[in-house]
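Trainee: Dropping a structure here in structure tokens format, bear with me for questions.
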Amino acid sequence: MKKIYVIALLALLCSSSFAQVKTSITKSAITFKIKNLGLNTNGNFSGLQADIQFKPTDLAGSSINASVDATTVNTDNTMRDDHLKGTDYFNVATYPKITLKSVSFKHTKGDNYLGNFNVTIKDKTKLIEVPFTYTEAGNTASFNGSFKINRSDFGIGGKNMVLSNEATVEVNAEISK
């Protein structure tokens with residue numbers, strides 16, 4: 001009888017350890033591009049943290065919750081970066097994180113997917129459609145997506161005649177499976 005309990009306990013431990021597969025980000029890049037005075041201004045954020053539970057065979061059960069540290073905004077211009085961190089733009093003292101939380105996923109074709117995400121910047125949340133690719137290679141998986149946001153939807157930059165309302169954001173992340 002003791003053997004049955006030991007076997008049952010081992011089976012339970014093994015199954016629960018497989019059910020709690022955790023991912024860790026091994027590489028990431030979050031970049032943006034926006035026109036300022038008619039010229040493209042590029043920048044990036046670092047400090048990506050994410051809980052990714054993505055399974056192409058179970059899109060309804062998949063989820064992605066991610067955040068990036070808004071204080072890391074970098075445009076290779078310290079004076080501009082300090083201005084972007086201020087109250088007129090990202091207001092990082094009050095809103096230090098930008099978050100992205102999945103709502104749903106749809107497979108389009110091949111390695112291509114479409115995700116609907118709630119994006120929160122400065123305590124304002126908007127549903128954004130994000131096309132992305134998902135590929136697996138060995139023990140890693142890569143997510144690569146690009147989407148556009150309207151900065152005025154999030155209260156970034158106020159009414160500004162020289163800064164475009166539309167910004168393009170690219171997110172590239174590699175995770176260990």
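By convention in this document, the chains of the structure tokens carry letters A, B, ... by their order, each chain's residues are numbered from 1, and ligands are numbered from 1 in the order they are shown.
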With a distance cut-off of 8 Å and only C-alpha atoms, select the neighbouring residues of A:Asn165, excluding the residue or stretch itself and same-chain residues fewer than 3 positions from it, and output the selection as a ChimeraX atom specification.

Mentor: /A:150-152

Trainee: Run DSSP on the backbone of this structure and report the residues of stretch 22-84 of chain A it assigns to helix (DSSP H, G or I), as an mmCIF file with N, CA, C and O atoms, in the first residue's frame.

Mentor:
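New file result_3.cif:
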data_model
loop_
_atom_site.group_PDB
_atom_site.id
_atom_site.type_symbol
_atom_site.label_atom_id
_atom_site.label_comp_id
_atom_site.auth_asym_id
_atom_site.auth_seq_id
_atom_site.Cartn_x
_atom_site.Cartn_y
_atom_site.Cartn_z
ATOM 1 N N ALA A 70 9.491 52.588 -18.114
ATOM 2 C CA ALA A 70 9.413 53.854 -18.861
ATOM 3 C C ALA A 70 10.589 54.773 -18.570
ATOM 4 O O ALA A 70 10.932 55.619 -19.398
ATOM 5 N N THR A 71 11.233 54.603 -17.425
ATOM 6 C CA THR A 71 12.374 55.461 -17.079
ATOM 7 C C THR A 71 13.590 55.181 -17.956
ATOM 8 O O THR A 71 14.545 55.953 -17.939
ATOM 9 N N THR A 72 13.546 54.090 -18.736
ATOM 10 C CA THR A 72 14.695 53.733 -19.574
ATOM 11 C C THR A 72 14.610 54.305 -20.976
ATOM 12 O O THR A 72 15.433 53.959 -21.823
ATOM 13 N N THR A 78 20.396 63.033 -24.291
ATOM 14 C CA THR A 78 20.070 63.120 -22.867
ATOM 15 C C THR A 78 19.051 64.206 -22.570
ATOM 16 O O THR A 78 18.122 63.986 -21.775
ATOM 17 N N MET A 79 19.184 65.356 -23.201
ATOM 18 C CA MET A 79 18.242 66.442 -22.935
ATOM 19 C C MET A 79 16.822 66.049 -23.389
ATOM 20 O O MET A 79 15.845 66.264 -22.673
ATOM 21 N N ARG A 80 16.715 65.437 -24.564
ATOM 22 C CA ARG A 80 15.406 64.990 -25.053
ATOM 23 C C ARG A 80 14.862 63.877 -24.164
ATOM 24 O O ARG A 80 13.675 63.850 -23.827
ATOM 25 N N ASP A 81 15.726 62.941 -23.758
ATOM 26 C CA ASP A 81 15.286 61.841 -22.889
ATOM 27 C C ASP A 81 14.737 62.365 -21.571
ATOM 28 O O ASP A 81 13.692 61.897 -21.093
ATOM 29 N N ASP A 82 15.410 63.341 -20.986
ATOM 30 C CA ASP A 82 14.922 63.937 -19.735
ATOM 31 C C ASP A 82 13.568 64.608 -19.944
ATOM 32 O O ASP A 82 12.680 64.526 -19.087
ATOM 33 N N HIS A 83 13.400 65.266 -21.094
ATOM 34 C CA HIS A 83 12.120 65.900 -21.417
ATOM 35 C C HIS A 83 11.018 64.842 -21.573
ATOM 36 O O HIS A 83 9.898 65.020 -21.078
ATOM 37 N N LEU A 84 11.333 63.721 -22.244
ATOM 38 C CA LEU A 84 10.361 62.634 -22.422
ATOM 39 C C LEU A 84 9.961 61.998 -21.089
ATOM 40 O O LEU A 84 8.842 61.511 -20.947
#

Trainee: Take atom CA of A:Ile175 and atom CA of A:Thr135 and report the distance between them in Å, one decimal.

Mentor: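 Answer for the atom CA of A:Ile175 to atom CA of A:Thr135 separation: 10.5 Å.
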
Trainee: If we count only C-alpha atoms and set the cut-off at 8 Å, which residues sit around stretch 109-117 of chain A, ignoring sequence neighbours fewer than 3 positions away in its own chain? Please answer as a PyMOL selection string.

Mentor: chain A and resi 100-106+127-135

Trainee: Can those selected residues be exported to a file as a PDB file, in the first residue's frame so that it contains C-alpha atoms?

Mentor:
ATOM      1  CA  LEU A 100       0.752  45.248 -22.334  1.00  0.00           C
ATOM      2  CA  LYS A 101      -1.805  42.550 -21.465  1.00  0.00           C
ATOM      3  CA  SER A 102      -3.240  40.101 -23.976  1.00  0.00           C
ATOM      4  CA  VAL A 103      -6.986  39.870 -24.535  1.00  0.00           C
ATOM      5  CA  SER A 104      -7.087  37.371 -27.422  1.00  0.00           C
ATOM      6  CA  PHE A 105      -5.015  35.724 -30.146  1.00  0.00           C
ATOM      7  CA  LYS A 106      -5.780  34.572 -33.669  1.00  0.00           C
ATOM      8  CA  LEU A 127      -7.023  48.056 -27.021  1.00  0.00           C
ATOM      9  CA  ILE A 128      -4.345  47.675 -29.712  1.00  0.00           C
ATOM     10  CA  GLU A 129      -4.166  45.050 -32.448  1.00  0.00           C
ATOM     11  CA  VAL A 130      -0.636  43.665 -32.772  1.00  0.00           C
ATOM     12  CA  PRO A 131       0.401  41.431 -35.680  1.00  0.00           C
ATOM     13  CA  PHE A 132       3.385  39.279 -34.713  1.00  0.00           C
ATOM     14  CA  THR A 133       5.379  36.215 -35.649  1.00  0.00           C
ATOM     15  CA  TYR A 134       6.118  33.351 -33.302  1.00  0.00           C
ATOM     16  CA  THR A 135       8.902  30.900 -34.135  1.00  0.00           C
TER      17      THR A 135
END

Trainee: Kindly give the distance, in Å, that separates atom CA of A:Thr168 and atom CA of A:Ala29, rounded to a single decimal.

Mentor: 13.6 Å

Trainee: Can you pull out the residues contacting stretch 50-54 of chain A? Cut-off 6 Å, using only C-alpha atoms, and skip same-chain residues under 5 positions away; I want them as a PDB file with N, CA, C and O atoms, in the first residue's frame.

Mentor:
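The resulting result.pdb:
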ATOM      1  N   SER A  62      -3.823  30.846 -24.007  1.00  0.00           N
ATOM      2  CA  SER A  62      -2.540  31.560 -24.002  1.00  0.00           C
ATOM      3  C   SER A  62      -2.697  32.961 -23.429  1.00  0.00           C
ATOM      4  O   SER A  62      -3.778  33.549 -23.490  1.00  0.00           O
ATOM      5  N   SER A  63      -1.592  33.472 -22.900  1.00  0.00           N
ATOM      6  CA  SER A  63      -1.602  34.842 -22.389  1.00  0.00           C
ATOM      7  C   SER A  63      -0.193  35.426 -22.415  1.00  0.00           C
ATOM      8  O   SER A  63       0.794  34.699 -22.332  1.00  0.00           O
ATOM      9  N   ILE A  64      -0.152  36.741 -22.555  1.00  0.00           N
ATOM     10  CA  ILE A  64       1.101  37.488 -22.468  1.00  0.00           C
ATOM     11  C   ILE A  64       0.821  38.721 -21.623  1.00  0.00           C
ATOM     12  O   ILE A  64      -0.075  39.500 -21.939  1.00  0.00           O
ATOM     13  N   ASN A  65       1.558  38.866 -20.545  1.00  0.00           N
ATOM     14  CA  ASN A  65       1.505  40.061 -19.704  1.00  0.00           C
ATOM     15  C   ASN A  65       2.924  40.604 -19.622  1.00  0.00           C
ATOM     16  O   ASN A  65       3.812  39.909 -19.147  1.00  0.00           O
ATOM     17  N   ALA A  66       3.106  41.811 -20.111  1.00  0.00           N
ATOM     18  CA  ALA A  66       4.465  42.364 -20.171  1.00  0.00           C
ATOM     19  C   ALA A  66       4.475  43.800 -19.690  1.00  0.00           C
ATOM     20  O   ALA A  66       3.463  44.499 -19.745  1.00  0.00           O
TER      21      ALA A  66
END

Trainee: Using only C-alpha atoms, which of A:Thr125, A:Ser46, A:Thr99, A:Thr41 sits nearest A:Ser28?

Mentor: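 Looking only at the distances to A:Ser28, the closest residue turns out to be A:Ser46.
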
Trainee: Out of stretch 7-173 of chain A, which residues get strand (DSSP E) from DSSP, as number ranges by chain?

Mentor: A: 24-36, 39-45, 49-53, 63-69, 97-109, 112-121, 124-137, 140-150, 163-173

Trainee: What does the distance between atom CA of A:Asn77 and atom CA of A:Ser146 come to in Å, to one decimal place?

Mentor: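 We find that atom CA of A:Asn77 and atom CA of A:Ser146 lie 23.8 Å from each other.
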
Trainee: With only C-alpha atoms as the atoms that count, which of A:Lys159, A:Val169, A:Phe143, A:Ile34 lies nearest to A:Val119?

Mentor: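 The shortest atom-to-atom distance to A:Val119 comes from A:Val169.
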
Trainee: Considering only C-alpha atoms, return as a ChimeraX atom specification whatever protein or nucleic-acid residues lie within 8 Å of A:Leu163, sequence-local ones (same chain, fewer than 6 positions apart) excluded.

Mentor: /A:34-38

Trainee: For those residues, write C-alpha atoms to a file as a short mmCIF file (atom, residue, chain, number, x, y, z; two decimals), in the first residue's frame.

Mentor:
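Printed below is selection_28.cif as written:
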data_model
loop_
_atom_site.label_atom_id
_atom_site.label_comp_id
_atom_site.auth_asym_id
_atom_site.auth_seq_id
_atom_site.Cartn_x
_atom_site.Cartn_y
_atom_site.Cartn_z
CA ILE A 34 7.96 58.99 -34.55
CA LYS A 35 8.20 62.00 -36.84
CA ASN A 36 9.35 65.20 -35.12
CA LEU A 37 9.64 68.31 -37.30
CA GLY A 38 9.16 66.00 -40.29
#

Trainee: Nearest to A:Thr140 among A:Lys85, A:Lys122, A:His107, A:Lys177, with distances taken over only C-alpha atoms: which residue is it?

Mentor: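 When distances to A:Thr140 are compared using only C-alpha atoms, the smallest one comes from A:Lys177.
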
Trainee: Write out as a list in words the residues lying within 7 Å of A:Asn44, counting only C-alpha atoms and excluding same-chain residues fewer than 3 positions away.

Mentor: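 Answer for this query is Ile30, Thr31, Phe32, Val73, Asn74 and Thr75 of chain A.
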